[in-house]
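Here's the structure, in structure tokens; my notes come after.
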Number of protein chains: 4
Amino acid sequence: MTAVVPNPPVPGRVGVVGASGYTGAEALRLLADHPCLSVAVATADSQSGRLVGEVHPALGPAYPELELSELDLETLDGLDVVFCCLPHGASSTLVPELIGRVGLIADLGADFRFDSADVYPDWYGSPHDHPELLDSFGYGLPELFPNDLDKPHLAIPGCYPTAASLALVPLARDGLIETGSLIVDAASGISGAGRGPNEKNTFGAVDSNYTAYSLFSHRHTPEIEWSLQRTGATGASVLFTPHLAPMSRGILATCYARPDRTIGNADLADCLGRAYDSAPFVTVTPELPGTKATLGSNAAHVMARVDDRTGWVVALCAIDNLGKGASGQALQCVNRKLGIDETIGLTTVGVAP
Amino acid sequence: MTAVVPNPPVPGRVGVVGASGYTGAEALRLLADHPCLSVAVATADSQSGRLVGEVHPALGPAYPELELSELDLETLDGLDVVFCCLPHGASSTLVPELIGRVGLIADLGADFRFDSADVYPDWYGSPHDHPELLDSFGYGLPELFPNDLDKPHLAIPGCYPTAASLALVPLARDGLIETGSLIVDAASGISGAGRGPNEKNTFGAVDSNYTAYSLFSHRHTPEIEWSLQRTGATGASVLFTPHLAPMSRGILATCYARPDRTIGNADLADCLGRAYDSAPFVTVTPELPGTKATLGSNAAHVMARVDDRTGWVVALCAIDNLGKGASGQALQCVNRKLGIDETIGLTTVGVAP
Amino acid sequence: MTAVVPNPPVPGRVGVVGASGYTGAEALRLLADHPCLSVAVATADSQSGRLVGEVHPALGPAYPELELSELDLETLDGLDVVFCCLPHGASSTLVPELIGRVGLIADLGADFRFDSADVYPDWYGSPHDHPELLDSFGYGLPELFPNDLDKPHLAIPGCYPTAASLALVPLARDGLIETGSLIVDAASGISGAGRGPNEKNTFGAVDSNYTAYSLFSHRHTPEIEWSLQRTGATGASVLFTPHLAPMSRGILATCYARPDRTIGNADLADCLGRAYDSAPFVTVTPELPGTKATLGSNAAHVMARVDDRTGWVVALCAIDNLGKGASGQALQCVNRKLGIDETIGLTTVGVAP
Amino acid sequence: MTAVVPNPPVPGRVGVVGASGYTGAEALRLLADHPCLSVAVATADSQSGRLVGEVHPALGPAYPELELSELDLETLDGLDVVFCCLPHGASSTLVPELIGRVGLIADLGADFRFDSADVYPDWYGSPHDHPELLDSFGYGLPELFPNDLDKPHLAIPGCYPTAASLALVPLARDGLIETGSLIVDAASGISGAGRGPNEKNTFGAVDSNYTAYSLFSHRHTPEIEWSLQRTGATGASVLFTPHLAPMSRGILATCYARPDRTIGNADLADCLGRAYDSAPFVTVTPELPGTKATLGSNAAHVMARVDDRTGWVVALCAIDNLGKGASGQALQCVNRKLGIDETIGLTTVGVAP
């Protein structure tokens, strides 16, 4: 049963910036049924003037009159919440303008995920424009870093780092695994790569195809490492290999570590159980997790086992990359920041079959 | 925004009979987040003793302790609502036992969809066991037959008839189309054929395959005809050709009719617009409807056009066969019967991409 | 067993114009294992300078050194065969230049499919540039129009017309069906819409989606009508409704007709049986055809039945739209024109599962 | 161009035992177009009496009259080749009966893959019935173990071991990687799990789902280790994690190793290049391999890189699990054993899109 709905004096007014992309559309989808938040503005420069339902037919019935507009700061003035669903780099230009103008910013890009600007030149190709603002943003993964939500604004984690960190961080924090030479092998549905059409994301290219990409160079690598380093594992190192699976949504991270001491499956289960005991969206599953059980939801399914024969620890986590991996997680964090029960407008139940 | 939630003295207690199948699982999915209804019993003879989450991993987080049980009438005693999600024939045995024992029965099978038992020998292979009970069941397609909900119990329409009737019935009722020789050509995702594994529903058989099935003999044929006949078109005749498309969910019905008089697209749009003006789940779309926009939702997208060149009228309707085509529609009708806003626990927004 | 391979004095030298698209790639795929033909030139303006394997990874092992080149007439001089795999309109500019310069032209576009230029303004948006050349091209559907292969060059039929005509033409020719008000309802995999990325052909848009498109306006409509008219049914009229199914390849045409006289299933089977008795690629199937059985092959599976209850005749045909619906059919015709057994380099066996 | 076809005095007569399953069907598919081999018998106990085309519609046109028969040793007497496409355990009963009765046995099961029976109790659950016959079978992976084809009969490798070994064995043999603690993370299409319908392989279970399975316990683990040990790496140890991807065919193995000495990408490319220089079916690709490029073919695409940052070596291999991973490889080995060019009846070109 859904938790009790609070009764705010007025519903919060929300803006979605970048509403033509997948994470923007997912934010609109979740907000459509949210009892305390109402979408006032949805911007999408390339599609401005079109009705939401023309660009996203699934959203037509819920937003019959909402028109996508060009980004215009004045239309955002005084909004209670803004979801920034822009490609990397765009947020760092926009956010300085938004601060002070709107209540709460939830940025789904990578621009404010790190507490230091050091990572940007190497992994993102250029220095950060506004390092002074990094301290205003908390990393929105509340099951692992709840105190980050005390910061004024929210930097929503990447999809792969959400899955990998939910699987690995509790084990690292409890000293169950070595962190100096981790492997994260993960597969994602194609929506993780964005909505813009290109040679790599046509149906003909993706269907019946399973392939690795961005070998050694995916930008989520330092984000996974940084989450591990925050547990005290300062030397944490991760080889991250992302793959594309022929599906629209879903991420499974299969993570490999050497145990830090003699451990058994009970230690792993106990560690994860304690970590997520009061987390409504994270379930420690008895069976190997699959992505479909999380489709369309904000759920994360995690599991860890040790192989007595080879000594390897395998930790797995399945999420919907657009749900717990992006817009669902953003809404969960926004709910908490606004004093609303974090489960409002979100579900733990995936759409299956 | 979700409509206002009523405040019943106590949440309604619900039973789901046949909870191991797809429509049963979908009922559980929708009920998991319903603010006024709570699942007390879920039966599934073949899986009794297993946790819901073992059989349906997506439902595990929402029902961590619910065990599937054998069907035992005593456990259903006094329930406010029972969703019967059984194969055809099973309901006609069970329902007589349930009447008087539970409040409201929503039967998703075909046993109580017709007001006469005449159709059963020809299309379902044997006479009806309890024709005297047919009058206790209304046909749960409230956008077209709202008065049926005055009957004590609910017979939920088949998935194809829901789509075909939403497209055709308003046109027939307004005399825009001839009904003596209609064609309904429809495609469905594989979940419409049930969850039990067989040679036809393995991934290897369905993937990359588009095929017709049950030519001239699909049991939904008389149901579509009967809905049309209820509009006064006593001679309504339908050739229905179902197809399987390589997807889990979704139905698109593409219906062909000759116009009954000189009509234009404006007449068709006007007719559908009036029919669904106050229907929260049916949208008359400006573009050709697709199934994905309805995935996971209770939405129906309809459209009709006339071809000046050939004279044919084409009417289309897209739904999720497990949503508006089954369990979503059941919940919509149950909501109405219980005096709850019909939209509670349901959404118009499909999960896309 | 493959038929005996003839022993031409030298292998034929082939050019593929438009080799970056799907039909061009399929031509290269089939030619890679052809014992009598060898690809000398493959052009693709937008990708010139790249190796074939960079653009089409599947083709890399077979063409390790073949580079896509810009279209340059001199490089085509003296080729035995040229496959023109260009978008509509492009061929009508190129072909006049090719005539006399190369041996045999197989044009996969629509520019030379009709024997009169009348259809082009209405359905293709502009008059034909070279109506005087139409007479040099035969319509390459040898099971139905074998004499067309006496013309100097080949216009390869569209994918939908191939499927619809294989199902309907024999029935019309034998007077079994009325042709004045036919319906062709067909579904295709997305490759039929070409390889260029756009909003409609991303995986996110196509996966789990079944939708109609080009209602009343698809350019293959007059081509289907024209094939029927060639049987003597001068008033043949077709309402054609194409759909997209979530798969890469495959077309199933489900065609509806009124019988022209009292007929039974034996008449239909007899008619199709006689039509395709000696056709190596067309099989009259006892079960309803599905697209997957033809995937990757040059096979067509056809079937027709009459419904005693409603009187409708339903004729179905499944093909691979890139095989018998495009490049496979082109190679079959080329084989025949060159005096090679028509089955060389082609298979009747689909890749399933 | 296909290599020159030899001219055997008579075509070889072939039997396919277990022809109702996926590997049996794939053997029939490949043999249908083979110029020197002809299928005389196809057995399938559960489907005996049915035409091949009823069970496998794709094969109907090529085998219009071939009936599946019950396994009867007398019908196999004197066959030149028998492909045994049976589940594990079945071959070890059948093979002793076949020896002496037929020419060449190609067993696609696991019963004769190892040169010692030691592995069977632990990984296959029971001792081997006929350890004395192991020496009569060579391991049919000719690119790595060509001398094995000197043995009288063929044990065809498992699908995952084929992919993993093609990626890792050359690197291990040349001492480029440590073999004591390898990880093989692989994803497969569902056909690898066989054709029999069950809860795990329905479309509803597989579509949109990516999941790990058989954690720490997959039977292909010791087979991968054994191939590595044959290079002299007696202590080779592999953690193997198989995954299911939502596709019918294809395997990608992503393998992780520590370098054994300071190496660069040039060393890896050089090693693989030398290993596969004269191998017609193995291509060292410049881009990351994907499964679709190999679909329906006997191709393997391999690649290896070292990450300077973390020190890990990643080696990848993509194949079609039913092609190079099963029946294609079997035919390749049979060709060689019969003195036919190994490429006859096989292709390097995948069916894409």
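In the structure tokens, chains take the letters A, B, ... in the order shown, each chain's residues start at 1, and ligands count up from 1 in the order shown.
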
Chain C residues within 6 Å of chain D, counting only C-alpha atoms: which ones, as a short mmCIF file (atom, residue, chain, number, x, y, z; two decimals) with N, CA and C atoms, in the first residue's frame?
data_model
loop_
_atom_site.label_atom_id
_atom_site.label_comp_id
_atom_site.auth_asym_id
_atom_site.auth_seq_id
_atom_site.Cartn_x
_atom_site.Cartn_y
_atom_site.Cartn_z
N MET C 1 19.64 -29.87 -51.61
CA MET C 1 20.98 -29.73 -52.18
C MET C 1 20.99 -28.60 -53.21
N THR C 2 22.00 -27.80 -53.14
CA THR C 2 22.15 -26.74 -54.11
C THR C 2 22.23 -27.33 -55.51
N ALA C 32 28.57 -12.39 -51.43
CA ALA C 32 29.82 -12.85 -50.81
C ALA C 32 30.04 -14.35 -51.01
N ASP C 33 28.96 -15.11 -51.05
CA ASP C 33 29.10 -16.56 -51.19
C ASP C 33 28.64 -17.06 -52.56
N HIS C 34 28.49 -16.16 -53.50
CA HIS C 34 28.01 -16.56 -54.83
C HIS C 34 29.17 -17.10 -55.66
N PRO C 35 29.03 -18.28 -56.23
CA PRO C 35 30.18 -18.89 -56.91
C PRO C 35 30.47 -18.28 -58.29
N PRO C 57 29.60 -4.41 -39.91
CA PRO C 57 30.55 -5.36 -39.29
C PRO C 57 30.34 -6.81 -39.73
N ALA C 58 29.09 -7.18 -40.05
CA ALA C 58 28.84 -8.55 -40.46
C ALA C 58 29.57 -8.90 -41.76
N LEU C 59 29.82 -7.89 -42.58
CA LEU C 59 30.43 -8.12 -43.89
C LEU C 59 31.95 -8.04 -43.88
N ALA C 293 10.21 -17.93 -40.31
CA ALA C 293 10.63 -19.07 -41.12
C ALA C 293 11.32 -18.65 -42.40
N VAL C 349 15.86 -21.65 -46.82
CA VAL C 349 15.79 -21.97 -45.39
C VAL C 349 16.02 -20.72 -44.56
N GLY C 350 15.05 -20.37 -43.74
CA GLY C 350 15.20 -19.22 -42.87
C GLY C 350 16.09 -19.53 -41.67
#

Secondary structure check, helix (DSSP H, G or I) residues of segment 127-287 of chain D, as a VMD selection string: chain D and resid 131 to 136 146 to 150 159 to 173 190 to 193 203 to 206 220 to 229 265 to 275

May I have the residues within 9 Å of Gly311 of chain A as number ranges by chain, using only C-alpha atoms and disregarding those fewer than 2 positions away in the same chain? A: 258-259, 306-309, 313; D: 181, 239

Given the choices D:Ala27, D:Val55, D:Leu104, D:Leu244, which gets closest to Ala205 of chain B if the distance is worked out from only C-alpha atoms?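 Ranked by minimum distance to Ala205 of chain B, first place goes to D:Val55.
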